[in-house]
$ cat structure-v8.pdb   # PDB, C-alpha atoms and all ligand atoms
ATOM      1  CA  MET A1224       0.000   0.000   0.000
ATOM      2  CA  PHE A1225       1.313   3.455  -0.860
ATOM      3  CA  ARG A1226       1.764   6.077   1.808
ATOM      4  CA  PRO A1227       0.554   9.636   1.147
ATOM      5  CA  ILE A1228       1.723  12.929   2.561
ATOM      6  CA  ALA A1229      -0.938  14.115   4.998
ATOM      7  CA  ILE A1230      -1.704  17.798   5.443
ATOM      8  CA  LEU A1231      -3.718  19.341   8.227
ATOM      9  CA  ASP A1232      -5.246  22.770   8.613
ATOM     10  CA  SER A1233      -8.299  24.156  10.374
ATOM     11  CA  GLY A1234      -9.557  25.087   6.923
ATOM     12  CA  LEU A1235      -8.367  26.056   3.478
ATOM     13  CA  GLY A1236      -5.253  28.010   4.440
ATOM     14  CA  GLY A1237      -3.088  24.919   4.147
ATOM     15  CA  LEU A1238      -3.759  24.948   0.399
ATOM     16  CA  THR A1239      -1.176  27.741   0.225
ATOM     17  CA  ILE A1240       1.356  25.235   1.598
ATOM     18  CA  LEU A1241       0.068  22.393  -0.583
ATOM     19  CA  LYS A1242       0.650  24.628  -3.603
ATOM     20  CA  SER A1243       4.389  24.726  -2.831
ATOM     21  CA  LEU A1244       4.508  21.014  -1.977
ATOM     22  CA  TYR A1245       2.819  20.193  -5.248
ATOM     23  CA  LYS A1246       5.343  22.272  -7.143
ATOM     24  CA  ILE A1247       8.367  20.699  -5.461
ATOM     25  CA  LEU A1248       6.991  17.147  -5.050
ATOM     26  CA  PRO A1249       4.427  16.687  -7.871
ATOM     27  CA  LEU A1250       4.550  12.872  -7.854
ATOM     28  CA  GLU A1251       3.510  12.486  -4.249
ATOM     29  CA  THR A1252      -0.068  11.725  -3.253
ATOM     30  CA  TYR A1253      -1.688  14.179  -0.870
ATOM     31  CA  VAL A1254      -4.416  13.682   1.696
ATOM     32  CA  TYR A1255      -5.569  17.044   3.028
ATOM     33  CA  LEU A1256      -7.801  17.421   6.047
ATOM     34  CA  ALA A1257      -9.604  20.731   6.548
ATOM     35  CA  ASP A1258     -11.458  20.951   9.854
ATOM     36  CA  GLN A1259     -13.731  23.665   8.511
ATOM     37  CA  LYS A1260     -16.459  22.842  10.988
ATOM     38  CA  ASN A1261     -14.270  23.990  13.877
ATOM     39  CA  CYS A1262     -12.475  26.803  12.053
ATOM     40  CA  PRO A1263     -11.148  29.312  13.102
ATOM     41  CA  TYR A1264      -8.760  27.621  15.529
ATOM     42  CA  GLY A1265      -7.003  30.949  16.038
ATOM     43  CA  GLU A1266      -9.858  32.234  18.197
ATOM     44  CA  ARG A1267      -9.726  29.181  20.487
ATOM     45  CA  LYS A1268      -7.903  28.340  23.706
ATOM     46  CA  LYS A1269      -4.712  26.272  23.650
ATOM     47  CA  GLU A1270      -6.467  23.239  25.211
ATOM     48  CA  GLU A1271      -9.153  23.272  22.520
ATOM     49  CA  ILE A1272      -6.559  23.567  19.761
ATOM     50  CA  GLU A1273      -4.679  20.625  21.264
ATOM     51  CA  SER A1274      -7.747  18.471  21.505
ATOM     52  CA  LEU A1275      -9.061  19.296  18.002
ATOM     53  CA  SER A1276      -5.686  18.733  16.376
ATOM     54  CA  GLN A1277      -5.190  15.430  18.211
ATOM     55  CA  LYS A1278      -8.516  14.177  16.876
ATOM     56  CA  ALA A1279      -7.650  15.342  13.365
ATOM     57  CA  CYS A1280      -4.222  13.638  13.428
ATOM     58  CA  GLN A1281      -5.782  10.462  14.776
ATOM     59  CA  TYR A1282      -8.043  10.473  11.714
ATOM     60  CA  LEU A1283      -5.142  11.122   9.326
ATOM     61  CA  LEU A1284      -3.178   8.191  10.734
ATOM     62  CA  LYS A1285      -5.617   5.780   9.137
ATOM     63  CA  PHE A1286      -3.994   6.653   5.790
ATOM     64  CA  LYS A1287      -0.579   5.591   7.147
ATOM     65  CA  PRO A1288       1.017   8.862   6.018
ATOM     66  CA  LYS A1289       4.784   9.006   5.671
ATOM     67  CA  ILE A1290       4.700  12.479   7.161
ATOM     68  CA  ILE A1291       2.061  14.837   8.570
ATOM     69  CA  VAL A1292       2.464  18.443   7.496
ATOM     70  CA  ILE A1293       0.791  20.754   9.977
ATOM     71  CA  ALA A1294      -0.019  23.481   7.454
ATOM     72  CA  CYS A1295      -1.251  25.792  10.170
ATOM     73  CA  ASN A1296       0.734  28.207  12.318
ATOM     74  CA  THR A1297      -1.858  28.097  15.080
ATOM     75  CA  ILE A1298      -1.679  24.314  15.509
ATOM     76  CA  THR A1299       2.105  24.304  15.146
ATOM     77  CA  THR A1300       2.814  27.039  17.677
ATOM     78  CA  GLU A1301       0.169  25.936  20.175
ATOM     79  CA  SER A1302       0.268  22.177  19.975
ATOM     80  CA  ILE A1303       2.902  20.509  17.791
ATOM     81  CA  SER A1304       4.974  19.474  20.815
ATOM     82  CA  ASP A1305       1.854  17.913  22.299
ATOM     83  CA  LEU A1306       1.188  16.039  19.017
ATOM     84  CA  ARG A1307       4.781  14.779  18.867
ATOM     85  CA  GLU A1308       4.457  13.549  22.431
ATOM     86  CA  LYS A1309       1.104  11.855  21.791
ATOM     87  CA  PHE A1310       1.973  10.280  18.415
ATOM     88  CA  LYS A1311       5.495   9.038  18.993
ATOM     89  CA  GLY A1312       7.180   7.709  15.861
ATOM     90  CA  VAL A1313       5.088   9.894  13.522
ATOM     91  CA  SER A1314       7.046  12.403  11.518
ATOM     92  CA  PHE A1315       5.646  15.949  11.747
ATOM     93  CA  VAL A1316       6.619  19.131   9.931
ATOM     94  CA  GLY A1317       4.984  22.366  11.024
ATOM     95  CA  VAL A1318       4.780  25.926   9.835
ATOM     96  CA  VAL A1319       5.690  28.901  11.998
ATOM     97  CA  PRO A1320       5.538  32.639  11.290
ATOM     98  CA  PRO A1321       8.465  33.376   8.919
ATOM     99  CA  VAL A1322      10.318  35.753  11.236
ATOM    100  CA  LYS A1323      13.733  34.634   9.963
ATOM    101  CA  LEU A1324      12.730  35.222   6.326
ATOM    102  CA  ALA A1325      11.414  38.683   7.201
ATOM    103  CA  VAL A1326      14.670  39.543   8.974
ATOM    104  CA  LYS A1327      16.551  38.607   5.793
ATOM    105  CA  LYS A1328      14.201  40.539   3.514
ATOM    106  CA  THR A1329      13.651  43.843   5.330
ATOM    107  CA  LYS A1330      15.914  46.715   4.397
ATOM    108  CA  THR A1331      14.661  49.171   6.989
ATOM    109  CA  GLY A1332      14.488  46.695   9.882
ATOM    110  CA  HIS A1333      10.793  47.526  10.432
ATOM    111  CA  PHE A1334       8.302  44.776   9.643
ATOM    112  CA  ILE A1335       4.885  43.326  10.455
ATOM    113  CA  ILE A1336       4.075  39.755  11.450
ATOM    114  CA  LEU A1337       0.392  39.140  10.947
ATOM    115  CA  SER A1338      -0.971  36.003  12.634
ATOM    116  CA  THR A1339      -4.059  34.636  14.318
ATOM    117  CA  LYS A1340      -4.963  35.729  17.834
ATOM    118  CA  ALA A1341      -3.763  32.443  19.358
ATOM    119  CA  THR A1342      -0.400  32.544  17.562
ATOM    120  CA  GLN A1343       0.133  36.233  18.295
ATOM    121  CA  LYS A1344      -0.575  35.815  22.009
ATOM    122  CA  GLY A1345       1.281  32.513  22.355
ATOM    123  CA  ASP A1346       4.768  32.046  23.796
ATOM    124  CA  TYR A1347       6.192  30.413  20.684
ATOM    125  CA  LEU A1348       6.035  33.490  18.467
ATOM    126  CA  LYS A1349       7.204  35.757  21.283
ATOM    127  CA  SER A1350      10.369  33.728  21.749
ATOM    128  CA  LEU A1351      10.904  33.459  17.982
ATOM    129  CA  ILE A1352      10.927  37.268  17.824
ATOM    130  CA  LYS A1353      13.165  37.534  20.887
ATOM    131  CA  ASP A1354      15.655  35.005  19.503
ATOM    132  CA  TYR A1355      15.875  36.221  15.898
ATOM    133  CA  ALA A1356      14.605  39.787  15.693
ATOM    134  CA  SER A1357      15.311  41.507  18.990
ATOM    135  CA  SER A1358      17.199  44.332  17.286
ATOM    136  CA  PHE A1359      14.393  44.901  14.732
ATOM    137  CA  ARG A1360      11.220  46.954  15.012
ATOM    138  CA  VAL A1361       8.643  44.165  14.846
ATOM    139  CA  TYR A1362       4.894  44.779  14.844
ATOM    140  CA  SER A1363       3.396  41.441  15.862
ATOM    141  CA  LEU A1364      -0.304  41.930  15.100
ATOM    142  CA  SER A1365      -3.361  39.702  14.946
ATOM    143  CA  GLY A1366      -5.512  39.519  11.834
ATOM    144  CA  SER A1367      -8.459  38.304  13.887
ATOM    145  CA  GLY A1368     -11.575  38.072  11.701
ATOM    146  CA  LEU A1369      -9.704  37.550   8.422
ATOM    147  CA  VAL A1370      -9.885  33.750   8.482
ATOM    148  CA  LYS A1371     -13.647  33.858   8.894
ATOM    149  CA  LEU A1372     -13.998  36.175   5.891
ATOM    150  CA  ILE A1373     -11.735  33.958   3.794
ATOM    151  CA  GLU A1374     -13.518  30.739   4.782
ATOM    152  CA  SER A1375     -16.928  32.246   3.990
ATOM    153  CA  GLY A1376     -16.062  31.745   0.340
ATOM    154  CA  GLN A1377     -16.905  35.238  -0.751
ATOM    155  CA  ILE A1378     -13.858  37.375  -0.383
ATOM    156  CA  LYS A1379     -15.202  40.916  -0.431
ATOM    157  CA  ASP A1380     -12.385  43.397  -1.013
ATOM    158  CA  LYS A1381     -14.124  46.190   0.910
ATOM    159  CA  GLU A1382     -14.621  44.062   4.041
ATOM    160  CA  ILE A1383     -11.019  42.864   3.962
ATOM    161  CA  GLU A1384      -9.819  46.450   3.621
ATOM    162  CA  LYS A1385     -11.930  47.605   6.576
ATOM    163  CA  LEU A1386     -10.574  44.833   8.740
ATOM    164  CA  LEU A1387      -6.954  45.460   7.720
ATOM    165  CA  GLU A1388      -7.375  49.138   8.551
ATOM    166  CA  LYS A1389      -8.319  48.135  12.087
ATOM    167  CA  ARG A1390      -5.821  45.343  12.597
ATOM    168  CA  LEU A1391      -2.809  47.099  11.091
ATOM    169  CA  SER A1392      -3.471  50.546  12.565
ATOM    170  CA  LYS A1393      -0.564  50.364  15.046
ATOM    171  CA  ALA A1394       1.936  49.781  12.272
ATOM    172  CA  LEU A1395       0.528  52.140   9.668
ATOM    173  CA  LYS A1396       2.000  55.213  11.335
ATOM    174  CA  ASP A1397       5.476  53.796  10.873
ATOM    175  CA  GLU A1398       6.787  55.067   7.548
ATOM    176  CA  LYS A1399       9.645  52.602   7.585
ATOM    177  CA  ILE A1400       7.564  49.403   7.377
ATOM    178  CA  ASP A1401       8.715  47.559   4.241
ATOM    179  CA  THR A1402       7.787  43.904   4.861
ATOM    180  CA  LEU A1403       4.792  41.852   5.968
ATOM    181  CA  ALA A1404       5.330  38.241   7.079
ATOM    182  CA  THR A1405       2.259  36.018   7.123
ATOM    183  CA  GLY A1406       1.904  34.049  10.335
ATOM    184  CA  CYS A1407      -1.265  32.321   9.196
ATOM    185  CA  THR A1408      -1.519  30.092   6.143
ATOM    186  CA  HIS A1409      -4.895  31.595   5.226
ATOM    187  CA  TYR A1410      -3.490  35.078   4.647
ATOM    188  CA  PRO A1411      -1.734  34.430   1.303
ATOM    189  CA  LEU A1412      -5.253  33.737  -0.026
ATOM    190  CA  VAL A1413      -5.834  37.492   0.280
ATOM    191  CA  LYS A1414      -2.355  38.573  -0.811
ATOM    192  CA  LYS A1415      -3.843  40.671  -3.601
ATOM    193  CA  GLN A1416      -6.053  42.586  -1.157
ATOM    194  CA  ILE A1417      -3.198  43.079   1.340
ATOM    195  CA  LEU A1418      -0.844  44.436  -1.326
ATOM    196  CA  ALA A1419      -3.596  46.702  -2.685
ATOM    197  CA  PHE A1420      -4.217  47.985   0.841
ATOM    198  CA  PHE A1421      -0.599  49.129   1.150
ATOM    199  CA  ASN A1422      -0.438  50.408  -2.428
ATOM    200  CA  LYS A1423      -3.393  52.638  -1.760
ATOM    201  CA  ARG A1424      -1.378  54.178   1.064
ATOM    202  CA  GLY A1425       1.593  54.737  -1.190
ATOM    203  CA  LYS A1426       3.579  51.766   0.080
ATOM    204  CA  GLN A1427       5.229  48.829  -1.653
ATOM    205  CA  ILE A1428       5.850  46.011   0.776
ATOM    206  CA  SER A1429       7.524  42.615   0.492
ATOM    207  CA  PHE A1430       5.021  39.872   1.222
ATOM    208  CA  ILE A1431       6.581  36.863   2.944
ATOM    209  CA  GLU A1432       4.981  33.421   2.974
ATOM    210  CA  PRO A1433       6.613  30.231   4.169
ATOM    211  CA  GLY A1434       5.301  27.663   1.627
ATOM    212  CA  THR A1435       8.550  27.044  -0.269
ATOM    213  CA  ALA A1436      10.609  26.699   2.906
ATOM    214  CA  VAL A1437       8.141  24.169   4.330
ATOM    215  CA  ALA A1438       8.015  22.159   1.091
ATOM    216  CA  ASN A1439      11.817  22.031   0.898
ATOM    217  CA  GLN A1440      11.986  20.795   4.459
ATOM    218  CA  VAL A1441       9.464  18.023   3.713
ATOM    219  CA  LYS A1442      11.529  17.034   0.671
ATOM    220  CA  ARG A1443      14.730  16.921   2.732
ATOM    221  CA  ILE A1444      13.180  14.709   5.411
ATOM    222  CA  LEU A1445      11.589  12.296   2.919
ATOM    223  CA  ALA A1446      14.793  12.082   0.882
ATOM    224  CA  GLN A1447      16.766  11.313   4.013
ATOM    225  CA  LYS A1448      14.332   8.520   4.883
ATOM    226  CA  LYS A1449      14.330   7.308   1.272
ATOM    227  CA  LEU A1450      10.564   7.760   1.130
ATOM    228  CA  LEU A1451      10.241   9.887  -2.018
ATOM    229  CA  VAL A1452       8.308   8.227  -4.872
ATOM    230  CA  SER A1453       9.345   8.138  -8.515
ATOM    231  CA  LYS A1454       5.865   7.772  -9.971
ATOM    232  CA  LYS A1455       2.355   8.843  -9.032
ATOM    233  CA  GLN A1456       0.567   6.214  -6.942
ATOM    234  CA  GLY A1457      -2.805   7.542  -5.868
ATOM    235  CA  LYS A1458      -5.385  10.315  -6.063
ATOM    236  CA  ASN A1459      -5.164  13.521  -4.104
ATOM    237  CA  ILE A1460      -8.107  13.871  -1.753
ATOM    238  CA  LEU A1461      -9.340  16.765   0.332
ATOM    239  CA  TYR A1462     -11.408  15.737   3.331
ATOM    240  CA  THR A1463     -13.447  18.416   5.014
ATOM    241  CA  THR A1464     -15.576  18.354   8.149
ATOM    242  CA  LEU A1465     -17.902  20.927   6.548
ATOM    243  CA  LYS A1466     -18.436  20.982   2.820
ATOM    244  CA  ARG A1467     -18.912  24.394   1.244
ATOM    245  CA  ASN A1468     -19.883  25.241  -2.304
ATOM    246  CA  ASN A1469     -16.830  27.346  -3.084
ATOM    247  CA  LEU A1470     -14.371  24.517  -2.504
ATOM    248  CA  ARG A1471     -14.037  23.200  -6.035
ATOM    249  CA  SER A1472     -13.438  26.578  -7.647
ATOM    250  CA  LEU A1473     -10.930  27.552  -4.993
ATOM    251  CA  ILE A1474      -8.940  24.356  -5.559
ATOM    252  CA  SER A1475      -8.966  24.763  -9.324
ATOM    253  CA  ASN A1476      -7.610  28.320  -8.860
ATOM    254  CA  PHE A1477      -4.535  26.678  -7.419
ATOM    255  CA  GLY A1478      -4.072  24.612 -10.517
ATOM    256  CA  PHE A1479      -4.377  21.165  -8.978
ATOM    257  CA  LYS A1480      -7.004  18.461  -8.986
ATOM    258  CA  MET A1481      -8.346  16.915  -5.809
ATOM    259  CA  MET A1482     -11.321  14.769  -4.962
ATOM    260  CA  ILE A1483     -13.443  16.360  -2.229
ATOM    261  CA  LYS A1484     -15.069  14.289   0.498
ATOM    262  CA  GLU A1485     -16.973  15.252   3.581
ATOM    263  CA  VAL A1486     -15.897  13.438   6.710
ATOM    264  CA  LYS A1487     -17.016  12.911  10.321
ATOM    265  CA  TYR A1488     -14.661  11.515  12.939
TER     266      TYR A1488
HETATM  267  N1  LIG B1501      -4.500  28.633   8.839
HETATM  268  C1  LIG B1501      -4.244  28.630  10.217
HETATM  269  C2  LIG B1501      -2.951  29.246  10.635
HETATM  270  O1  LIG B1501      -1.993  29.182   9.881
HETATM  271  C3  LIG B1501      -5.361  28.795  11.214
HETATM  272  C4  LIG B1501      -6.490  29.699  10.938
HETATM  273  C5  LIG B1501      -7.532  29.585  12.018
HETATM  274  O2  LIG B1501      -8.172  28.526  12.071
HETATM  275  O3  LIG B1501      -7.681  30.529  12.798
HETATM  276  O4  LIG B1501      -2.815  29.761  11.690
END
$ encode --input "structure-v8.pdb" --output "structure tokens"
Amino acid sequence: MFRPIAILDSGLGGLTILKSLYKILPLETYVYLADQKNCPYGERKKEEIESLSQKACQYLLKFKPKIIVIACNTITTESISDLREKFKGVSFVGVVPPVKLAVKKTKTGHFIILSTKATQKGDYLKSLIKDYASSFRVYSLSGSGLVKLIESGQIKDKEIEKLLEKRLSKALKDEKIDTLATGCTHYPLVKKQILAFFNKRGKQISFIEPGTAVANQVKRILAQKKLLVSKKQGKNILYTTLKRNNLRSLISNFGFKMMIKEVKY
């Protein structure tokens, strides 16, 4: 039996990571689980995030994945150590806010990290900033509300702009901001709106997303374990705990094919 690469997110944000995986490892088979019924995780307490992600990983294990990619900053920063402890022997790769990439990219030393409420308030991101960006002017802000708008399936530019105005207000006074790092995998789905928001205010910013770095790391681990395939073995499937109408068109926008199935576990 072939072993897929499993991907987990609270919703559709992980597709922005799958896009990079698909580009770098096109022959692999992907099983994606979107817990859309319980999304957003970023508005939940740590204990809830731990319990929901444990249940989701338990479900994914039935596919005997060779690796589980936690394509969600909120799950990674709040509960990946708990998952590693609970599922010993399972290989996990997570995604964390790309602070190191932002540090490399910024020219002024002033940048924004935009993440969910849980990630922004959590200890993980705070120590990441302390360890790698203590001499930089970092605005660590929450994009609370954005995930809900994105998941609703109708991305309305005006609503996104209104929300960004509120969430980014602290940083907007700083003329030197030149970079925005996305600490939530959903946010690249509204990259266009975020860039337009800054353009309108006369600013060009570098938009940092971690997809390529995560995909390269997965490739490295699988190569090391000699688990990479040389031909396609199965169908890519997206399992969701809440099926929405917009799913198919969103997936086709990414340029890949996936079967969609609703699941209860
Ligand atoms: N896409 C997720 C992240 O990277 C979580 C979004 C949410 O459920 O709040 O944080």
$ resolve_selection --input "structure-v8.pdb" --expression "the PyMOL selection byres (((chain A and resi 1384-1400) around 9) and not hetatm)" --output "ChimeraX atom specification"
/A:1329,1331-1335,1337,1360,1362,1364-1369,1379-1383,1401-1403,1416-1417,1419-1420,1426,1428
$ axis_aligned_box --input "structure-v8.pdb" --around "region 1404-1410 of chain A" --padding-each-side "4 Å" --output "AutoDock Vina command-line options"
--center_x 0.2 --center_y 34.2 --center_z 7.5 --size_x 18.2 --size_y 16.1 --size_z 13.7
$ closest_residue --input "structure-v8.pdb" --among "A:Lys1246, A:Arg1307, A:Lys1260, A:Lys1289" --to "ligand LIG 1501 (chain B)" --atoms "all atoms listed in the file"
A:Lys1260
$ resolve_selection --input "structure-v8.pdb" --expression "the PyMOL selection byres (((not hetatm)) within 7 of (chain B and resi 1501))" --output "list in words"
Asp1232, Ser1233, Gly1234, Gly1236, Gly1237, Cys1262, Pro1263, Tyr1264, Gly1265, Glu1266, Ala1294, Cys1295, Asn1296, Thr1297, Ile1298, Ser1338, Thr1339, Thr1342, Val1370, Gly1406, Cys1407, Thr1408 and His1409 of chain A
$ resolve_selection --input "structure-v8.pdb" --expression "the PyMOL selection byres (((chain A and resi 1458-1472) around 7) and not hetatm)" --output "PyMOL selection string"
chain A and resi 1252-1260+1376+1457+1473-1476+1481-1487
$ atom_distance --input "structure-v8.pdb" --atom1 "CA of Ile1336 (chain A)" --atom2 "CA of Phe1479 (chain A)"
28.9 Å
$ residues_near_point --input "structure-v8.pdb" --point "(6.5, 29.5, 17.1)" --cutoff "7 Å" --atoms "only C-alpha atoms" --output "NGL selection string"
:A and (1300 or 1319-1320 or 1347-1348 or 1351)
$ closest_residue --input "structure-v8.pdb" --among "A:Lys1311, A:Lys1278, A:Lys1480, A:Lys1323" --to "Thr1405 (chain A)" --atoms "only C-alpha atoms"
A:Lys1323
$ closest_residue --input "structure-v8.pdb" --among "A:Ser1358, A:Ser1363, A:Ser1375, A:Ser1243" --to "Pro1321 (chain A)" --atoms "all atoms listed in the file"
A:Ser1363
$ atom_distance --input "structure-v8.pdb" --atom1 "CA of Val1361 (chain A)" --atom2 "CA of Lys1330 (chain A)"
13.0 Å
